[in-house]
$ cat upload17.cif   # mmCIF, C-alpha atoms and all ligand atoms
data_model
loop_
_atom_site.label_atom_id
_atom_site.label_comp_id
_atom_site.auth_asym_id
_atom_site.auth_seq_id
_atom_site.Cartn_x
_atom_site.Cartn_y
_atom_site.Cartn_z
CA MET A 1 137.91 -147.59 147.50
CA SER A 2 141.05 -148.36 149.53
CA LYS A 3 140.87 -147.91 153.28
CA LYS A 4 141.87 -144.44 154.43
CA PRO A 5 144.58 -144.30 157.12
CA LEU A 6 143.45 -144.02 160.74
CA ILE A 7 146.07 -142.28 162.88
CA LEU A 8 146.27 -142.01 166.67
CA GLY A 9 148.08 -138.84 167.80
CA ILE A 10 149.43 -138.31 171.32
CA GLU A 11 150.68 -135.03 172.85
CA SER A 12 152.40 -134.52 176.24
CA SER A 13 155.22 -132.01 175.61
CA CYS A 14 154.19 -129.51 178.31
CA ASP A 15 151.02 -129.15 180.38
CA GLU A 16 148.35 -130.66 178.15
CA THR A 17 147.73 -134.40 177.94
CA ALA A 18 146.00 -135.02 174.63
CA ALA A 19 144.99 -137.78 172.23
CA SER A 20 143.17 -137.70 168.90
CA LEU A 21 142.12 -139.97 166.08
CA ILE A 22 142.06 -138.59 162.57
CA THR A 23 141.50 -139.97 159.10
CA GLU A 24 140.71 -138.39 155.72
CA ASN A 25 137.88 -138.46 153.19
CA SER A 26 138.04 -139.71 149.60
CA LYS A 27 139.33 -136.28 148.48
CA GLY A 28 142.21 -136.36 150.98
CA ILE A 29 140.60 -133.82 153.34
CA PRO A 30 141.46 -134.66 156.98
CA ILE A 31 138.64 -135.63 159.34
CA VAL A 32 139.08 -135.24 163.11
CA LEU A 33 137.17 -138.15 164.67
CA SER A 34 138.07 -137.27 168.25
CA ASN A 35 140.22 -134.66 169.96
CA ILE A 36 140.60 -135.04 173.73
CA ILE A 37 142.61 -132.49 175.71
CA SER A 38 143.16 -132.48 179.44
CA SER A 39 144.74 -129.25 180.62
CA GLN A 40 146.75 -129.03 183.84
CA VAL A 41 145.91 -125.37 184.53
CA GLU A 42 144.63 -126.20 188.02
CA VAL A 43 147.77 -128.21 188.87
CA HIS A 44 150.15 -125.31 188.11
CA LYS A 45 148.00 -122.30 188.98
CA GLU A 46 149.35 -121.74 192.50
CA PHE A 47 152.95 -121.80 191.20
CA GLY A 48 152.39 -119.20 188.42
CA GLY A 49 154.00 -121.47 185.81
CA VAL A 50 154.47 -125.09 184.76
CA VAL A 51 156.29 -127.28 187.33
CA PRO A 52 157.92 -130.09 185.26
CA GLU A 53 157.68 -132.89 187.86
CA LEU A 54 154.01 -132.16 188.59
CA ALA A 55 153.29 -131.97 184.86
CA ALA A 56 154.96 -135.34 184.22
CA ARG A 57 153.08 -136.97 187.11
CA SER A 58 149.80 -135.65 185.80
CA HIS A 59 150.55 -136.99 182.29
CA VAL A 60 151.29 -140.44 183.76
CA GLU A 61 148.01 -140.39 185.71
CA LYS A 62 145.90 -139.41 182.70
CA ILE A 63 147.46 -140.75 179.54
CA ASP A 64 145.71 -144.14 179.41
CA TRP A 65 142.18 -142.85 179.94
CA ILE A 66 142.75 -139.91 177.57
CA VAL A 67 143.82 -142.32 174.81
CA LYS A 68 140.94 -144.67 175.64
CA LYS A 69 138.49 -141.75 175.51
CA ALA A 70 139.90 -140.63 172.14
CA ILE A 71 139.43 -144.14 170.73
CA ASP A 72 135.93 -144.51 172.24
CA GLU A 73 134.75 -141.11 170.94
CA SER A 74 136.13 -141.76 167.44
CA GLY A 75 133.65 -144.58 166.91
CA ARG A 76 136.51 -146.77 165.67
CA SER A 77 138.25 -149.75 167.26
CA ILE A 78 141.90 -150.24 168.22
CA LYS A 79 142.19 -152.85 165.47
CA GLU A 80 141.51 -150.23 162.80
CA ILE A 81 144.39 -147.90 163.83
CA ASP A 82 147.12 -147.82 161.14
CA ALA A 83 149.86 -145.86 162.97
CA VAL A 84 150.61 -144.10 166.25
CA ALA A 85 152.19 -140.63 166.24
CA SER A 86 153.59 -139.09 169.45
CA THR A 87 155.28 -135.77 170.13
CA ALA A 88 159.01 -136.43 170.64
CA GLY A 89 160.11 -132.78 171.12
CA PRO A 90 160.71 -129.98 171.73
CA GLY A 91 159.42 -129.68 175.28
CA LEU A 92 160.07 -130.78 178.84
CA VAL A 93 161.90 -134.09 178.69
CA VAL A 94 160.05 -135.60 181.67
CA CYS A 95 156.74 -134.75 179.98
CA LEU A 96 157.72 -135.79 176.46
CA SER A 97 158.87 -139.19 177.74
CA VAL A 98 155.35 -140.04 178.95
CA GLY A 99 153.53 -139.65 175.60
CA LEU A 100 156.50 -140.93 173.63
CA SER A 101 156.89 -144.15 175.64
CA PHE A 102 153.12 -144.69 175.68
CA GLY A 103 152.91 -144.21 171.90
CA LYS A 104 155.82 -146.55 171.19
CA ALA A 105 154.41 -149.26 173.46
CA PHE A 106 150.95 -148.87 171.91
CA ALA A 107 152.32 -149.12 168.36
CA ALA A 108 154.42 -152.16 169.26
CA THR A 109 151.44 -153.86 170.90
CA ILE A 110 149.14 -153.42 167.90
CA ASN A 111 152.07 -154.15 165.56
CA LYS A 112 151.69 -150.91 163.59
CA PRO A 113 154.25 -148.21 162.65
CA PHE A 114 155.33 -145.55 165.13
CA ILE A 115 155.90 -141.91 164.06
CA ALA A 116 157.89 -139.46 166.24
CA VAL A 117 156.54 -135.93 165.68
CA ASN A 118 158.10 -132.49 166.13
CA HIS A 119 155.54 -130.52 168.19
CA LEU A 120 156.30 -127.37 166.17
CA GLU A 121 155.55 -129.20 162.94
CA GLY A 122 152.25 -130.13 164.58
CA HIS A 123 151.48 -126.42 165.05
CA ALA A 124 152.69 -125.73 161.51
CA LEU A 125 150.30 -128.32 160.05
CA SER A 126 147.34 -127.52 162.32
CA PRO A 127 145.67 -125.31 159.66
CA LYS A 128 145.62 -128.37 157.36
CA LEU A 129 142.93 -129.81 159.61
CA ASN A 130 140.48 -127.28 158.15
CA SER A 131 142.06 -125.98 154.90
CA LYS A 132 143.76 -127.50 151.91
CA ILE A 133 147.28 -126.03 151.77
CA ASP A 134 149.81 -126.91 149.10
CA TYR A 135 153.51 -126.23 149.56
CA PRO A 136 155.33 -123.85 149.44
CA TYR A 137 154.08 -121.28 151.94
CA LEU A 138 155.31 -118.71 154.42
CA LEU A 139 154.68 -119.69 158.05
CA LEU A 140 154.50 -117.49 161.12
CA LEU A 141 154.69 -119.67 164.21
CA ILE A 142 153.72 -117.73 167.35
CA SER A 143 153.44 -119.93 170.42
CA GLY A 144 154.39 -120.05 174.09
CA GLY A 145 157.99 -121.01 173.41
CA HIS A 146 158.64 -119.96 169.80
CA SER A 147 158.18 -117.02 167.40
CA GLN A 148 159.52 -117.60 163.91
CA TYR A 149 158.98 -116.84 160.24
CA LEU A 150 159.74 -119.92 158.13
CA SER A 151 159.65 -120.69 154.44
CA VAL A 152 158.03 -124.13 154.13
CA LYS A 153 158.90 -126.07 150.97
CA GLY A 154 157.44 -129.43 151.95
CA LEU A 155 156.90 -131.77 154.87
CA GLY A 156 159.96 -131.34 157.11
CA LYS A 157 161.54 -128.78 154.74
CA TYR A 158 161.83 -125.53 156.66
CA LYS A 159 164.05 -122.51 156.14
CA ARG A 160 163.98 -120.04 159.00
CA LEU A 161 163.79 -116.43 157.84
CA GLY A 162 163.47 -114.82 161.26
CA THR A 163 163.15 -115.70 164.92
CA THR A 164 162.81 -114.02 168.30
CA ILE A 165 166.18 -113.22 169.79
CA ASP A 166 164.78 -113.33 173.34
CA ASP A 167 161.21 -114.01 174.55
CA ALA A 168 158.54 -115.82 172.54
CA LEU A 169 155.39 -113.84 171.78
CA GLY A 170 153.16 -116.12 173.92
CA GLU A 171 155.63 -115.66 176.76
CA ALA A 172 155.39 -111.86 176.35
CA PHE A 173 151.57 -112.11 176.59
CA ASP A 174 151.84 -114.35 179.69
CA LYS A 175 154.40 -112.11 181.42
CA THR A 176 152.37 -108.97 180.71
CA ALA A 177 149.30 -110.70 182.14
CA LYS A 178 151.24 -111.67 185.28
CA LEU A 179 152.37 -108.04 185.77
CA LEU A 180 148.73 -106.98 185.50
CA GLY A 181 147.83 -109.46 188.23
CA ILE A 182 146.01 -111.88 185.92
CA GLU A 183 146.18 -115.51 187.05
CA PHE A 184 148.36 -118.00 185.11
CA PRO A 185 147.99 -118.66 182.18
CA GLY A 186 146.98 -115.07 181.48
CA GLY A 187 147.93 -114.55 177.81
CA PRO A 188 144.41 -115.02 176.40
CA HIS A 189 142.94 -112.59 178.98
CA ILE A 190 145.09 -109.73 177.66
CA GLU A 191 142.92 -109.74 174.55
CA THR A 192 139.79 -109.29 176.67
CA PHE A 193 141.37 -106.57 178.84
CA ALA A 194 142.61 -104.79 175.70
CA LYS A 195 139.04 -104.39 174.39
CA LYS A 196 138.20 -102.15 177.33
CA GLY A 197 141.30 -99.94 177.21
CA ASP A 198 142.82 -97.01 175.35
CA PRO A 199 145.54 -98.38 173.00
CA ASN A 200 147.21 -94.95 172.79
CA LYS A 201 147.57 -94.39 176.53
CA TYR A 202 151.10 -95.80 176.86
CA ASP A 203 153.89 -95.47 174.31
CA LEU A 204 155.71 -98.81 174.45
CA PRO A 205 159.05 -99.65 172.78
CA LYS A 206 159.28 -101.79 169.64
CA PRO A 207 162.70 -103.45 169.88
CA ILE A 208 164.62 -104.03 166.58
CA PHE A 209 161.65 -102.56 164.68
CA ASN A 210 163.80 -100.96 161.98
CA LYS A 211 166.61 -103.50 161.83
CA GLY A 212 167.33 -107.21 162.02
CA GLY A 213 165.20 -108.25 159.01
CA CYS A 214 162.19 -110.23 160.20
CA ASN A 215 163.80 -111.23 163.49
CA LEU A 216 161.75 -110.31 166.55
CA SER A 217 162.46 -109.13 170.09
CA PHE A 218 160.05 -108.69 173.00
CA ALA A 219 162.28 -108.48 176.10
CA GLY A 220 162.55 -104.65 176.07
CA LEU A 221 158.80 -104.41 175.85
CA LYS A 222 158.46 -106.56 178.95
CA THR A 223 160.89 -104.31 180.88
CA ALA A 224 158.85 -101.23 179.90
CA ILE A 225 155.64 -102.92 181.04
CA LEU A 226 157.25 -103.90 184.33
CA LYS A 227 158.10 -100.22 185.00
CA ILE A 228 154.63 -98.94 184.06
CA SER A 229 152.85 -101.70 185.99
CA LYS A 230 154.41 -100.37 189.22
CA THR A 231 152.65 -97.03 188.70
CA ILE A 232 149.22 -98.49 187.93
CA LYS A 233 146.47 -97.77 190.45
CA THR A 234 143.15 -98.36 188.73
CA GLN A 235 141.51 -101.17 186.80
CA GLN A 236 141.07 -98.79 183.84
CA GLU A 237 144.85 -98.26 183.72
CA LYS A 238 145.29 -102.04 183.54
CA PHE A 239 142.92 -102.15 180.57
CA ASP A 240 144.84 -99.27 178.96
CA LEU A 241 148.18 -101.03 179.40
CA ALA A 242 146.77 -104.27 177.95
CA ALA A 243 145.37 -102.31 174.98
CA SER A 244 148.67 -100.49 174.43
CA PHE A 245 150.55 -103.82 174.58
CA GLN A 246 148.14 -105.47 172.12
CA LYS A 247 148.46 -102.50 169.72
CA THR A 248 152.28 -102.53 169.95
CA ILE A 249 152.39 -106.27 169.15
CA GLU A 250 150.11 -105.71 166.15
CA GLU A 251 152.39 -102.94 164.87
CA ILE A 252 155.49 -105.13 165.31
CA LEU A 253 153.90 -108.10 163.52
CA TYR A 254 152.55 -105.89 160.73
CA LYS A 255 155.98 -104.44 160.00
CA LYS A 256 157.95 -107.70 160.41
CA THR A 257 155.47 -109.70 158.32
CA LYS A 258 155.93 -107.24 155.44
CA VAL A 259 159.70 -107.81 155.69
CA ALA A 260 159.11 -111.59 155.79
CA PHE A 261 156.90 -111.37 152.66
CA ASN A 262 159.80 -109.73 150.78
CA GLU A 263 162.33 -112.29 151.97
CA PHE A 264 160.00 -115.18 151.13
CA GLU A 265 159.31 -113.85 147.63
CA LYS A 266 163.05 -113.59 146.94
CA LEU A 267 163.43 -117.30 147.72
CA SER A 268 160.91 -118.86 145.37
CA ASN A 269 158.96 -118.33 142.18
CA LEU A 270 155.43 -118.36 143.50
CA LYS A 271 152.24 -119.07 141.59
CA GLU A 272 150.11 -118.34 144.62
CA LYS A 273 151.35 -116.53 147.72
CA LYS A 274 150.21 -118.18 150.95
CA PHE A 275 150.72 -117.08 154.55
CA VAL A 276 149.98 -119.58 157.31
CA VAL A 277 149.83 -118.45 160.95
CA ALA A 278 149.91 -121.07 163.73
CA GLY A 279 150.58 -121.55 167.47
CA GLY A 280 148.71 -120.43 170.59
CA VAL A 281 148.93 -116.69 169.84
CA ALA A 282 147.24 -117.28 166.46
CA ALA A 283 144.04 -117.51 168.54
CA ASN A 284 144.22 -113.74 169.13
CA LYS A 285 141.37 -112.37 167.02
CA LYS A 286 142.82 -108.88 166.59
CA ILE A 287 146.17 -110.26 165.44
CA ARG A 288 144.27 -112.53 163.04
CA SER A 289 142.26 -109.72 161.47
CA MET A 290 145.28 -107.41 161.23
CA LEU A 291 147.27 -110.13 159.42
CA MET A 292 144.29 -110.93 157.16
CA ASN A 293 144.13 -107.28 156.07
CA LEU A 294 147.87 -107.19 155.47
CA CYS A 295 147.57 -110.33 153.33
CA LYS A 296 144.76 -108.79 151.27
CA LYS A 297 146.89 -105.72 150.53
CA ASN A 298 149.82 -107.88 149.47
CA ASN A 299 147.94 -110.54 147.47
CA TYR A 300 148.58 -113.30 149.97
CA LYS A 301 146.04 -115.95 150.90
CA SER A 302 145.90 -115.99 154.72
CA ILE A 303 145.35 -119.33 156.46
CA PHE A 304 144.76 -119.89 160.18
CA PRO A 305 143.92 -122.98 162.27
CA GLU A 306 140.50 -123.18 163.94
CA ILE A 307 140.71 -121.14 167.17
CA GLU A 308 140.41 -124.36 169.29
CA LEU A 309 143.32 -125.92 167.42
CA CYS A 310 145.78 -123.03 167.93
CA GLY A 311 146.94 -124.22 171.36
CA ASP A 312 148.41 -127.63 172.10
CA ASN A 313 146.33 -130.57 170.93
CA ALA A 314 146.87 -134.05 169.55
CA ALA A 315 144.89 -133.64 166.30
CA MET A 316 147.80 -131.57 164.95
CA ILE A 317 150.23 -134.34 165.99
CA ALA A 318 148.04 -136.92 164.23
CA MET A 319 148.01 -134.58 161.17
CA VAL A 320 151.80 -134.80 160.91
CA GLY A 321 151.44 -138.56 161.48
CA LEU A 322 148.96 -138.78 158.60
CA GLU A 323 151.30 -136.97 156.19
CA ARG A 324 154.30 -139.05 157.24
CA PHE A 325 152.27 -142.27 157.08
CA LYS A 326 151.36 -141.55 153.46
CA LEU A 327 155.06 -141.05 152.66
CA GLU A 328 155.92 -144.20 154.69
CA GLU A 329 158.24 -142.15 156.90
CA PHE A 330 158.25 -144.14 160.12
CA SER A 331 160.42 -143.85 163.25
CA SER A 332 162.27 -146.53 165.13
CA LEU A 333 161.15 -147.51 168.62
CA ASP A 334 164.37 -146.11 170.08
CA HIS A 335 163.63 -142.57 168.85
CA PRO A 336 164.76 -140.27 171.70
CA ALA A 337 162.83 -137.48 173.39
CA LYS A 338 164.36 -134.25 172.05
CA PRO A 339 163.90 -131.28 174.45
CA ARG A 340 165.41 -129.03 171.76
CA TRP A 341 164.32 -129.72 168.19
CA ALA A 342 164.32 -126.82 165.73
CA LEU A 343 162.24 -126.95 162.56
CA ASP A 344 165.21 -125.60 160.62
CA GLU A 345 168.10 -127.46 162.20
CA LYS A 346 170.63 -125.62 160.01
CA ALA A 347 169.64 -122.14 161.26
CA THR A 348 172.14 -120.49 163.59
CA PHE A 349 171.28 -120.05 167.27
CA LEU A 350 170.10 -116.45 167.73
CA LYS A 351 169.38 -115.78 171.35
CA GLY A 352 170.63 -113.68 174.24
CA ALA A 353 172.72 -110.60 174.78
CA GLY A 354 175.30 -109.85 172.12
CA VAL A 355 173.32 -111.30 169.22
CA LYS A 356 174.45 -109.62 166.00
CA LEU A 357 171.62 -108.91 163.58
N1 LIG B 1 144.03 -115.08 172.54
C1 LIG B 1 145.33 -115.09 172.78
N2 LIG B 1 146.07 -113.97 172.65
C2 LIG B 1 147.40 -113.99 172.89
N3 LIG B 1 148.08 -115.07 173.29
C3 LIG B 1 147.39 -116.22 173.43
C4 LIG B 1 146.00 -116.30 173.18
N4 LIG B 1 145.60 -117.57 173.41
C5 LIG B 1 146.71 -118.25 173.80
N5 LIG B 1 147.78 -117.45 173.80
C6 LIG B 1 149.16 -117.80 174.17
O1 LIG B 1 149.59 -118.94 173.47
C7 LIG B 1 150.57 -119.63 174.26
C8 LIG B 1 150.28 -121.11 174.26
O2 LIG B 1 150.45 -121.56 172.96
P1 LIG B 1 151.03 -122.98 172.64
O3 LIG B 1 150.18 -123.98 173.34
O4 LIG B 1 151.14 -123.07 171.20
O5 LIG B 1 152.45 -122.85 173.31
P2 LIG B 1 153.40 -123.91 173.98
O6 LIG B 1 153.00 -125.27 173.54
O7 LIG B 1 153.46 -123.60 175.42
O8 LIG B 1 154.79 -123.53 173.32
P3 LIG B 1 155.50 -124.22 172.07
O9 LIG B 1 154.45 -124.70 171.16
O10 LIG B 1 156.33 -123.13 171.50
O11 LIG B 1 156.32 -125.32 172.64
C9 LIG B 1 150.53 -119.04 175.64
O12 LIG B 1 151.68 -118.26 175.83
C10 LIG B 1 149.25 -118.20 175.64
O13 LIG B 1 149.33 -117.06 176.45
MG MG B 2 152.65 -125.68 171.60
#
$ encode --input "upload17.cif" --output "structure tokens" --more "lines below"
Ligand SMILES: Nc1ncnc2c1ncn2[C@@H]1O[C@H](COP(=O)(O)OP(=O)(O)OP(=O)(O)O)[C@@H](O)[C@H]1O
Ligand SMILES: [Mg+2]
Amino acid sequence: MSKKPLILGIESSCDETAASLITENSKGIPIVLSNIISSQVEVHKEFGGVVPELAARSHVEKIDWIVKKAIDESGRSIKEIDAVASTAGPGLVVCLSVGLSFGKAFAATINKPFIAVNHLEGHALSPKLNSKIDYPYLLLLISGGHSQYLSVKGLGKYKRLGTTIDDALGEAFDKTAKLLGIEFPGGPHIETFAKKGDPNKYDLPKPIFNKGGCNLSFAGLKTAILKISKTIKTQQEKFDLAASFQKTIEEILYKKTKVAFNEFEKLSNLKEKKFVVAGGVAANKKIRSMLMNLCKKNNYKSIFPEIELCGDNAAMIAMVGLERFKLEEFSSLDHPAKPRWALDEKATFLKGAGVKL
């Protein structure tokens, strides 16, 4: 049996420093040998958001021991590594540069290929770490900086069907949490608050619900929550607002996903209909079960990453590295950090006031 590739993945696009080693078994199923993540939550907490310079400094301080730990925990040696894959964008340029430069230098030192990875493609491929998924499929990417429906024809072949025209969904969760006085990063706590509240207490707006195809908008929702949050006096009202927000998001995603199904089906002749959901917000259990039910009703197979692999991690970066390694798609050592790097680079920019849908 020929040796299976061993890929080192490195992630530093925002506030997580991460490294992972993955390989695959004889059937081509990926195996995560190590997955080390160091979060900078404590560094940024007092500022209520990520401070780029502090994030970059923290990456510089940690990157070597995180990579060393990933190699040590994998049970493999440096000599066995076949390629190094680092996130090259999108993200904060000062942060990206740390993992990118480290990865390039590491690859050059061990004389193995270097692979520059789009962080969003990492999220997109994260469910492949626990499920076999053949192309094509419909992807819903819901993360801290992005919210998009994409038709995925193959590795690197994305057609955007819809996108947020203002805030990303993760951002909407984080901003709502902040207005409810939950410490940064509060998004995941909304789910917990929501369990204790009345989802019908507040009637929140659903921007572009009946127009704009499967494009999304969350800014109006945030404004409504800002107004209501000023009137809130009790803890129970906070729970109720969180529950109403969670319910509104579920209704928006339910409706927009049905539109996306239709648009996706028009594009390709499908033997099997598959719907992949990825990104930090895919960790939300209620959103997961709502989308699973929708898929059942519409004969789609629903596929999600493991909960721990929804947020930023380096196993997903190594996963893209593994696929590109098998296709011998390597990057040059002068590959730039790309703060903006869309999955569908041909899609028109749809953001801000005055967007025509
Ligand atoms: N259980 C949850 N419910 C809702 N939102 C969640 C949950 N868990 C995490 N999130 C949100 O996911 C986001 C983080 O996801 P992710 O790490 O994919 O984003 P990012 O890397 O900051 O952005 P991007 O990947 O777009 O560059 C945060 O906004 C966080 O609030
Ligand atoms: Mg991310």
$ residues_near_point --input "upload17.cif" --point "(141.1, -133.7, 154.0)" --cutoff "12 Å" --atoms "all atoms listed in the file" --output "PDB file with C-alpha atoms, keeping the file's coordinate frame"
ATOM      1  CA  LYS A   4     141.870-144.440 154.430  1.00  0.00           C
ATOM      2  CA  PRO A   5     144.580-144.300 157.120  1.00  0.00           C
ATOM      3  CA  ILE A  22     142.060-138.590 162.570  1.00  0.00           C
ATOM      4  CA  THR A  23     141.500-139.970 159.100  1.00  0.00           C
ATOM      5  CA  GLU A  24     140.710-138.390 155.720  1.00  0.00           C
ATOM      6  CA  ASN A  25     137.880-138.460 153.190  1.00  0.00           C
ATOM      7  CA  SER A  26     138.040-139.710 149.600  1.00  0.00           C
ATOM      8  CA  LYS A  27     139.330-136.280 148.480  1.00  0.00           C
ATOM      9  CA  GLY A  28     142.210-136.360 150.980  1.00  0.00           C
ATOM     10  CA  ILE A  29     140.600-133.820 153.340  1.00  0.00           C
ATOM     11  CA  PRO A  30     141.460-134.660 156.980  1.00  0.00           C
ATOM     12  CA  ILE A  31     138.640-135.630 159.340  1.00  0.00           C
ATOM     13  CA  VAL A  32     139.080-135.240 163.110  1.00  0.00           C
ATOM     14  CA  PRO A 127     145.670-125.310 159.660  1.00  0.00           C
ATOM     15  CA  LYS A 128     145.620-128.370 157.360  1.00  0.00           C
ATOM     16  CA  LEU A 129     142.930-129.810 159.610  1.00  0.00           C
ATOM     17  CA  ASN A 130     140.480-127.280 158.150  1.00  0.00           C
ATOM     18  CA  SER A 131     142.060-125.980 154.900  1.00  0.00           C
ATOM     19  CA  LYS A 132     143.760-127.500 151.910  1.00  0.00           C
ATOM     20  CA  ILE A 133     147.280-126.030 151.770  1.00  0.00           C
ATOM     21  CA  MET A 319     148.010-134.580 161.170  1.00  0.00           C
ATOM     22  CA  LEU A 322     148.960-138.780 158.600  1.00  0.00           C
ATOM     23  CA  GLU A 323     151.300-136.970 156.190  1.00  0.00           C
TER      24      GLU A 323
END
$ closest_residue --input "upload17.cif" --among "A:Ala105, A:Leu138, A:Val94, A:Ile7" --to "A:Lys157" --atoms "all atoms listed in the file"
A:Leu138
$ residues_near_ligand --input "upload17.cif" --ligand "ligand LIG 1 (chain B)" --cutoff "9 Å" --atoms "only C-alpha atoms and all ligand atoms" --output "JSON, numbers by chain"
{"A": [13, 14, 15, 16, 89, 90, 91, 119, 120, 122, 123, 141, 142, 143, 144, 145, 146, 147, 168, 169, 170, 171, 172, 173, 174, 175, 177, 184, 185, 186, 187, 188, 189, 190, 191, 192, 246, 278, 279, 280, 281, 282, 283, 284, 285, 286, 287, 307, 310, 311, 312, 313]}
$ closest_residue --input "upload17.cif" --among "A:Gly9, A:Gly213, A:Gly75, A:Gly321" --to "A:Phe102" --atoms "all atoms listed in the file"
A:Gly9
$ atom_distance --input "upload17.cif" --atom1 "atom CA of A:Lys104" --atom2 "atom CA of A:Ile81"
13.7 Å
$ atom_distance --input "upload17.cif" --atom1 "atom CA of A:Lys195" --atom2 "atom CA of A:Glu251"
16.5 Å
$ decode --input "upload17.cif" --residues "stretch 139-153 of chain A" --atoms "N, CA and C atoms" --output "PDB file, in the first residue's frame"
ATOM      1  N   LEU A 139     -24.094  24.597  -0.515  1.00  0.00           N
ATOM      2  CA  LEU A 139     -23.417  24.939   0.743  1.00  0.00           C
ATOM      3  C   LEU A 139     -24.029  26.190   1.357  1.00  0.00           C
ATOM      4  N   LEU A 140     -24.309  26.116   2.639  1.00  0.00           N
ATOM      5  CA  LEU A 140     -24.658  27.322   3.398  1.00  0.00           C
ATOM      6  C   LEU A 140     -23.505  27.589   4.358  1.00  0.00           C
ATOM      7  N   LEU A 141     -22.806  28.694   4.120  1.00  0.00           N
ATOM      8  CA  LEU A 141     -21.690  29.062   4.989  1.00  0.00           C
ATOM      9  C   LEU A 141     -22.159  30.168   5.923  1.00  0.00           C
ATOM     10  N   ILE A 142     -22.228  29.878   7.207  1.00  0.00           N
ATOM     11  CA  ILE A 142     -22.682  30.880   8.186  1.00  0.00           C
ATOM     12  C   ILE A 142     -21.626  31.025   9.285  1.00  0.00           C
ATOM     13  N   SER A 143     -20.830  32.099   9.147  1.00  0.00           N
ATOM     14  CA  SER A 143     -19.716  32.267  10.090  1.00  0.00           C
ATOM     15  C   SER A 143     -19.732  33.678  10.673  1.00  0.00           C
ATOM     16  N   GLY A 144     -18.621  34.058  11.302  1.00  0.00           N
ATOM     17  CA  GLY A 144     -18.540  35.370  11.927  1.00  0.00           C
ATOM     18  C   GLY A 144     -18.453  36.506  10.917  1.00  0.00           C
ATOM     19  N   GLY A 145     -17.919  36.216   9.745  1.00  0.00           N
ATOM     20  CA  GLY A 145     -17.735  37.278   8.752  1.00  0.00           C
ATOM     21  C   GLY A 145     -18.478  37.055   7.453  1.00  0.00           C
ATOM     22  N   HIS A 146     -19.120  35.897   7.296  1.00  0.00           N
ATOM     23  CA  HIS A 146     -19.749  35.556   6.012  1.00  0.00           C
ATOM     24  C   HIS A 146     -21.068  34.823   6.206  1.00  0.00           C
ATOM     25  N   SER A 147     -21.997  35.023   5.262  1.00  0.00           N
ATOM     26  CA  SER A 147     -23.254  34.252   5.232  1.00  0.00           C
ATOM     27  C   SER A 147     -23.631  34.117   3.770  1.00  0.00           C
ATOM     28  N   GLN A 148     -23.475  32.925   3.224  1.00  0.00           N
ATOM     29  CA  GLN A 148     -23.657  32.748   1.781  1.00  0.00           C
ATOM     30  C   GLN A 148     -24.246  31.381   1.461  1.00  0.00           C
ATOM     31  N   TYR A 149     -25.044  31.342   0.395  1.00  0.00           N
ATOM     32  CA  TYR A 149     -25.440  30.076  -0.224  1.00  0.00           C
ATOM     33  C   TYR A 149     -24.585  29.925  -1.472  1.00  0.00           C
ATOM     34  N   LEU A 150     -23.936  28.765  -1.622  1.00  0.00           N
ATOM     35  CA  LEU A 150     -23.069  28.547  -2.783  1.00  0.00           C
ATOM     36  C   LEU A 150     -23.337  27.184  -3.404  1.00  0.00           C
ATOM     37  N   SER A 151     -23.319  27.140  -4.720  1.00  0.00           N
ATOM     38  CA  SER A 151     -23.370  25.858  -5.404  1.00  0.00           C
ATOM     39  C   SER A 151     -21.917  25.427  -5.578  1.00  0.00           C
ATOM     40  N   VAL A 152     -21.583  24.219  -5.090  1.00  0.00           N
ATOM     41  CA  VAL A 152     -20.193  23.757  -5.130  1.00  0.00           C
ATOM     42  C   VAL A 152     -20.079  22.614  -6.139  1.00  0.00           C
ATOM     43  N   LYS A 153     -19.335  22.877  -7.223  1.00  0.00           N
ATOM     44  CA  LYS A 153     -19.216  21.863  -8.284  1.00  0.00           C
ATOM     45  C   LYS A 153     -17.987  20.989  -8.107  1.00  0.00           C
TER      46      LYS A 153
END
